[in-house]
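Here's the structure we're looking at; comments come further down.
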Amino acid sequence: MKFQKERNNKSNIEEGIVKKVLFVMALTAITSLGLIAFFIFNEGMPFMIDYGIADFIFGTEWDPSNQVYGIFPMIVGSVIATLLAILIGAPIGIAVAVYLVEIAPPKVARIIRPAITLMEGIPSVIIGLFGMVVMLDVIRRLARGPLSEYLPAGYQTGYSVLAGAIILAIMILPTIISISADSIRAVPNEYKEAALALGSSKWQTIYKVVVPAAKSGVLAAVILGVGRAIGETMAIIMVVGNTVQIPEAGWEGIFAPVRTLTGNIALEMGYAGPEHRQALFATGIILFIFIIIINSITLVLRKKED
Amino acid sequence: MFKVKPNHMIKVKRNQIFAFTLLSLAAALTVLTLFAIVFYIMLNGFSVISMDFLFDEPRSMGTEGGVLPAILGTIYLVVLVMIIATPIGVGTAVYLNEYMPEGRFKKILRFATELLAGVPSIVFGMFGFIFFVIVLRDYTGGWSILSGALTGVIMILPVIIRASEEALRSVPDPLKEGSLALGTTRWYTIKKIVLPLALPGITTSLILSIGRVIGETAAFLLTLGGSLLFAQSIFDGGRTLALHLYLVAMETGDLQMAMGSGAVLIILILIINFAAAGLFKLLVRRFSV
């Protein structure tokens, strides 16, 4: 009995210590996460208010050496690159997810699934480098060859929002595929069986029953893709040319070199003086707000699905 | 009764064949793109890789010589990040899952980690830059491996916490209850029952986090400093392979040398992917009920 009591005491003390240590760890994790938002807003917000929020967001000129800070061209660059990337990536991604879950023979699925995991792990600089070496060359040939009479000289370098969008599409594919596939897989079998029993073909079942039932999950996947695309930095810097300009309206615009919000931060932070740096943090705030909105939509959509 | 028009059936069949062909083409395109990227970079990269490339220091900003400092920088960074992030991340997950009562506060914490898992790495880089490089420069050495590592820790914490929580949640409740019913303390149950069963999931998430640190560039561009010299301590600047690749490609335009670093990087990532999958299987076999 005595022995038992001592042991209990000892393990109670141990229990108490462990609980406190774990609590401190949880606290460290959470505070460090909270610090991020604080520091970025703290560094960028006063500048943005001083400069004028509207002037900062809608100003079309970015010239830090003359204290002119307008990020509208970067917002346009990020938005166009992201939209184009979704236009390319979402249909392909959803198609692959449907194929993977509903159609692929098990042997093929066993090749595709690890390939997509691997794709997710490929560093962005690798995809960017591939873009620099291969894709810029293809686009340059296109722009200088058959399209040369339609495009201004500045649009013929290959560096373009189009190149950026293709790179982004490749990078968001794994996200879109794996999350859409999860929600397609979650569609109850009864739905499919009912549709098939009514005499629909397999494709009609997929098209009219399975995909609509997985709608909110698929939508969440696409929006998550938007979030990843708008936040992507390295790969896109390597192929978009980083010129601060708003592309011409019309199809020629996709051959225009642009700069994105993320690119602006990454390219200039290293050598920025104090005010310039604050302007870059203000750029970060705009990016942060975009991301928080997009992520919140995704989280709400995914909760709805559960 | 009712008749199905034969034409209609043919049309349905034709539509299905057409649709399935398109879907499988999309899948083929995706897999081919992956292989194209991996093989293109590897084949081109191998033409510059040699013993000298792996074990020499870079000259002329990386257009000549090797990548040894970048390889060492990657290793220092990964080791430092994992030493700090593993206990905090796994500890937090254990606390959230095993100790903390359900409630609004916990929901907020989960929501925050989910949100942060989607924050782009450049934002973590900005934070690391202003906090570790500027504010704490007397303690971190400014642009340094330590600043980069601390930034990396914050970046992968949400990933580790989420994955570990998932692994912990997959441990069946009856096992825990059985252990507690035998009169063990909570910590004893966690130590002997919960953690061993969750180990495969936790280990995989840790290995994948290593992969993320190796491949990450944006956050380290703003915190590591990009020095080409051998780091003498964690307070010196440095660069990782991924950062080296970026700086060589963008600042010197020597894409051939960049692809050399790229090939080494891809091999590292492949090893990590296979290690994660292999270790998972091994640990499941070893610790399964």
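The chains in the structure tokens are called A, B, ... from first to last as shown; in each chain the residues are counted from 1, and the ligands are counted from 1 in the order shown.
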Mind running chain B against chain A at 7 Å and telling me each contacting residue's nearest atom pair with the distance in Å (one decimal), counting only C-alpha atoms, chain and number ascending, as a tab-separated table?
```
residue	atom	partner	partner_atom	distance
B:Gln16	CA	A:Trp203	CA	5.3
B:Leu23	CA	A:Ala95	CA	5.2
B:Ser24	CA	A:Tyr99	CA	6.3
B:Ala26	CA	A:Ile92	CA	5.6
B:Ala27	CA	A:Val96	CA	4.9
B:Val31	CA	A:Ala115	CA	6.6
B:Leu34	CA	A:Met119	CA	6.3
B:Ile37	CA	A:Phe130	CA	6.2
B:Ile41	CA	A:Phe130	CA	6.9
B:Ile88	CA	A:Met25	CA	5.1
B:Gly91	CA	A:Leu22	CA	5.3
B:Thr92	CA	A:Ala26	CA	4.2
B:Tyr95	CA	A:Leu22	CA	5.7
B:Leu115	CA	A:Asn295	CA	6.2
B:Gly118	CA	A:Asn295	CA	6.7
B:Val119	CA	A:Ile291	CA	6.7
B:Pro120	CA	A:Gly231	CA	4.9
B:Ile122	CA	A:Thr233	CA	6.8
B:Val123	CA	A:Gly284	CA	6.8
B:Phe127	CA	A:Ile36	CA	5.6
B:Ile154	CA	A:Ser32	CA	6.9
B:Trp187	CA	A:Glu15	CA	5.8
B:Gly211	CA	A:Gly121	CA	7.0
B:Gly215	CA	A:Pro123	CA	4.4
B:Glu216	CA	A:Pro123	CA	6.6
B:Thr217	CA	A:Met234	CA	6.9
B:Ala218	CA	A:Met234	CA	6.1
B:Leu222	CA	A:Gly270	CA	6.7
B:Ala242	CA	A:Val125	CA	6.6
B:Tyr246	CA	A:Val125	CA	6.4
B:Gly262	CA	A:Ile126	CA	6.1
```
Within 12 Å of B:Ile71, counting only C-alpha atoms, which residues show up once you throw out same-chain ones fewer than 4 positions away? Write them as a PDB file with C-alpha atoms, in the first residue's frame, please.
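Printed below is around38.pdb as written:
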```pdb
ATOM      1  CA  PHE B  53      30.189  20.322 -58.089  1.00  0.00           C
ATOM      2  CA  LEU B  54      29.059  18.575 -54.909  1.00  0.00           C
ATOM      3  CA  PHE B  55      32.134  19.194 -52.792  1.00  0.00           C
ATOM      4  CA  ASP B  56      33.522  22.518 -53.942  1.00  0.00           C
ATOM      5  CA  GLU B  57      32.621  26.077 -53.064  1.00  0.00           C
ATOM      6  CA  PRO B  58      30.936  28.331 -55.607  1.00  0.00           C
ATOM      7  CA  GLY B  66      30.186  23.837 -56.643  1.00  0.00           C
ATOM      8  CA  VAL B  67      27.369  23.983 -54.187  1.00  0.00           C
ATOM      9  CA  ILE B  75      21.332  20.617 -43.637  1.00  0.00           C
ATOM     10  CA  TYR B  76      21.957  23.148 -40.837  1.00  0.00           C
ATOM     11  CA  LEU B  77      18.616  24.748 -41.477  1.00  0.00           C
ATOM     12  CA  VAL B  78      16.636  21.508 -41.598  1.00  0.00           C
ATOM     13  CA  ILE B 214      14.178  21.996 -48.219  1.00  0.00           C
ATOM     14  CA  LEU B 228      27.981  32.244 -50.395  1.00  0.00           C
ATOM     15  CA  LEU B 229      30.514  31.586 -47.640  1.00  0.00           C
ATOM     16  CA  PHE B 230      30.666  28.595 -45.354  1.00  0.00           C
ATOM     17  CA  ALA B 231      28.672  29.397 -42.225  1.00  0.00           C
ATOM     18  CA  GLY B 238      23.867  31.314 -45.539  1.00  0.00           C
ATOM     19  CA  ARG B 239      21.811  29.902 -48.335  1.00  0.00           C
ATOM     20  CA  THR B 240      19.937  26.682 -49.035  1.00  0.00           C
ATOM     21  CA  LEU B 241      20.077  24.765 -52.297  1.00  0.00           C
ATOM     22  CA  ALA B 242      16.690  26.112 -53.366  1.00  0.00           C
ATOM     23  CA  LEU B 243      17.772  29.670 -52.632  1.00  0.00           C
ATOM     24  CA  HIS B 244      21.069  29.057 -54.418  1.00  0.00           C
ATOM     25  CA  LEU B 245      19.172  27.810 -57.469  1.00  0.00           C
ATOM     26  CA  SER B 261      21.361  22.555 -58.081  1.00  0.00           C
ATOM     27  CA  GLY B 262      17.850  21.664 -59.219  1.00  0.00           C
ATOM     28  CA  VAL B 264      20.405  17.711 -56.442  1.00  0.00           C
ATOM     29  CA  LEU B 265      17.273  19.239 -54.943  1.00  0.00           C
ATOM     30  CA  LEU B 268      16.679  15.067 -52.038  1.00  0.00           C
TER      31      LEU B 268
END
```
10 Å contact set for A:Met48, only C-alpha atoms, chain neighbours under 2 positions out, as a PyMOL selection string: chain A and resi 41+43-46+50-57+69+278-279+281-283+285
Please determine, counting only C-alpha atoms, which residue among B:Gly141, B:Lys106, B:Ser205, B:Phe39 has the shortest atom-to-atom distance to B:Ile272. B:Ser205
Between B:Gly152, B:Gly142, B:Lys191, B:Phe131, which has the minimum distance to B:Ile83 (counting only C-alpha atoms)? B:Gly152
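Coordinates place atom CA of B:Leu168 at a distance of 6.8 Å from atom CA of B:Val194.
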Point-to-point distance in Å for atom CA of B:Ile130 and atom CA of B:Ser144: 13.1 Å
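Minimum atom-to-atom distance to A:Ala256, evaluated using only C-alpha atoms, belongs to A:Thr243 out of A:Ala220, A:Thr243, A:Val209, A:Glu193.
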Using DSSP on the backbone coordinates, identify the residues of stretch 52-140 of chain B assigned to strand (DSSP E); present them as number ranges by chain. B: 58-59, 64-65
Residue selection dump (N, CA and C atoms) as a CSV table (one decimal), in the first residue's frame:
```csv
chain,number,residue,atom,x,y,z
B,58,PRO,N,31.3,27.6,-54.4
B,58,PRO,CA,30.9,28.3,-55.6
B,58,PRO,C,31.9,29.5,-55.9
B,59,ARG,N,32.2,29.7,-57.2
B,59,ARG,CA,33.0,30.8,-57.6
B,59,ARG,C,32.2,31.6,-58.6
B,64,GLU,N,30.5,29.1,-61.5
B,64,GLU,CA,31.5,28.1,-61.5
B,64,GLU,C,31.7,27.5,-60.2
B,65,GLY,N,32.4,26.4,-60.1
B,65,GLY,CA,32.6,25.8,-58.8
B,65,GLY,C,31.4,24.9,-58.4
```
Atomic separation - atom CA of B:Gly89 relative to atom CA of B:Ile160, Å: 5.5 Å
Spatial neighbours of A:Ala163, 9 Å, only C-alpha atoms, chain gap at least 5 places, as JSON, numbers by chain: {"A": [81, 131, 132, 135, 136, 139, 158, 168, 236, 239, 240, 254, 255]}
Could you please take those selected residues and save C-alpha atoms as a PDB file, in the first residue's frame?
```
ATOM      1  CA  ALA A  81      -2.278  35.627 -63.349  1.00  0.00           C
ATOM      2  CA  GLY A 131       9.346  27.624 -66.887  1.00  0.00           C
ATOM      3  CA  MET A 132      12.409  29.805 -67.517  1.00  0.00           C
ATOM      4  CA  MET A 135       8.151  27.678 -71.433  1.00  0.00           C
ATOM      5  CA  LEU A 136       9.615  31.123 -71.953  1.00  0.00           C
ATOM      6  CA  ILE A 139       6.101  31.621 -75.717  1.00  0.00           C
ATOM      7  CA  GLY A 158       8.431  35.505 -73.492  1.00  0.00           C
ATOM      8  CA  LEU A 168       0.684  28.654 -61.335  1.00  0.00           C
ATOM      9  CA  ILE A 236       6.143  33.342 -60.688  1.00  0.00           C
ATOM     10  CA  VAL A 239       8.768  33.905 -65.464  1.00  0.00           C
ATOM     11  CA  VAL A 240       6.579  37.037 -65.416  1.00  0.00           C
ATOM     12  CA  ILE A 254      -1.660  37.986 -71.738  1.00  0.00           C
ATOM     13  CA  PHE A 255       1.757  38.376 -73.405  1.00  0.00           C
TER      14      PHE A 255
END
```
Could you give me, as a ChimeraX atom specification, the residues within 9 Å of B:Val81, counting only C-alpha atoms and dropping anything in the same chain fewer than 6 positions from it? /B:146,148-153,156,210,213
Choose the residue, out of B:Val171, B:Leu206, B:Leu279, B:Leu182, that has the smallest atom-to-atom separation from B:Glu98; count only C-alpha atoms.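 Residue with the minimum atom-to-atom distance to B:Glu98: B:Val171.
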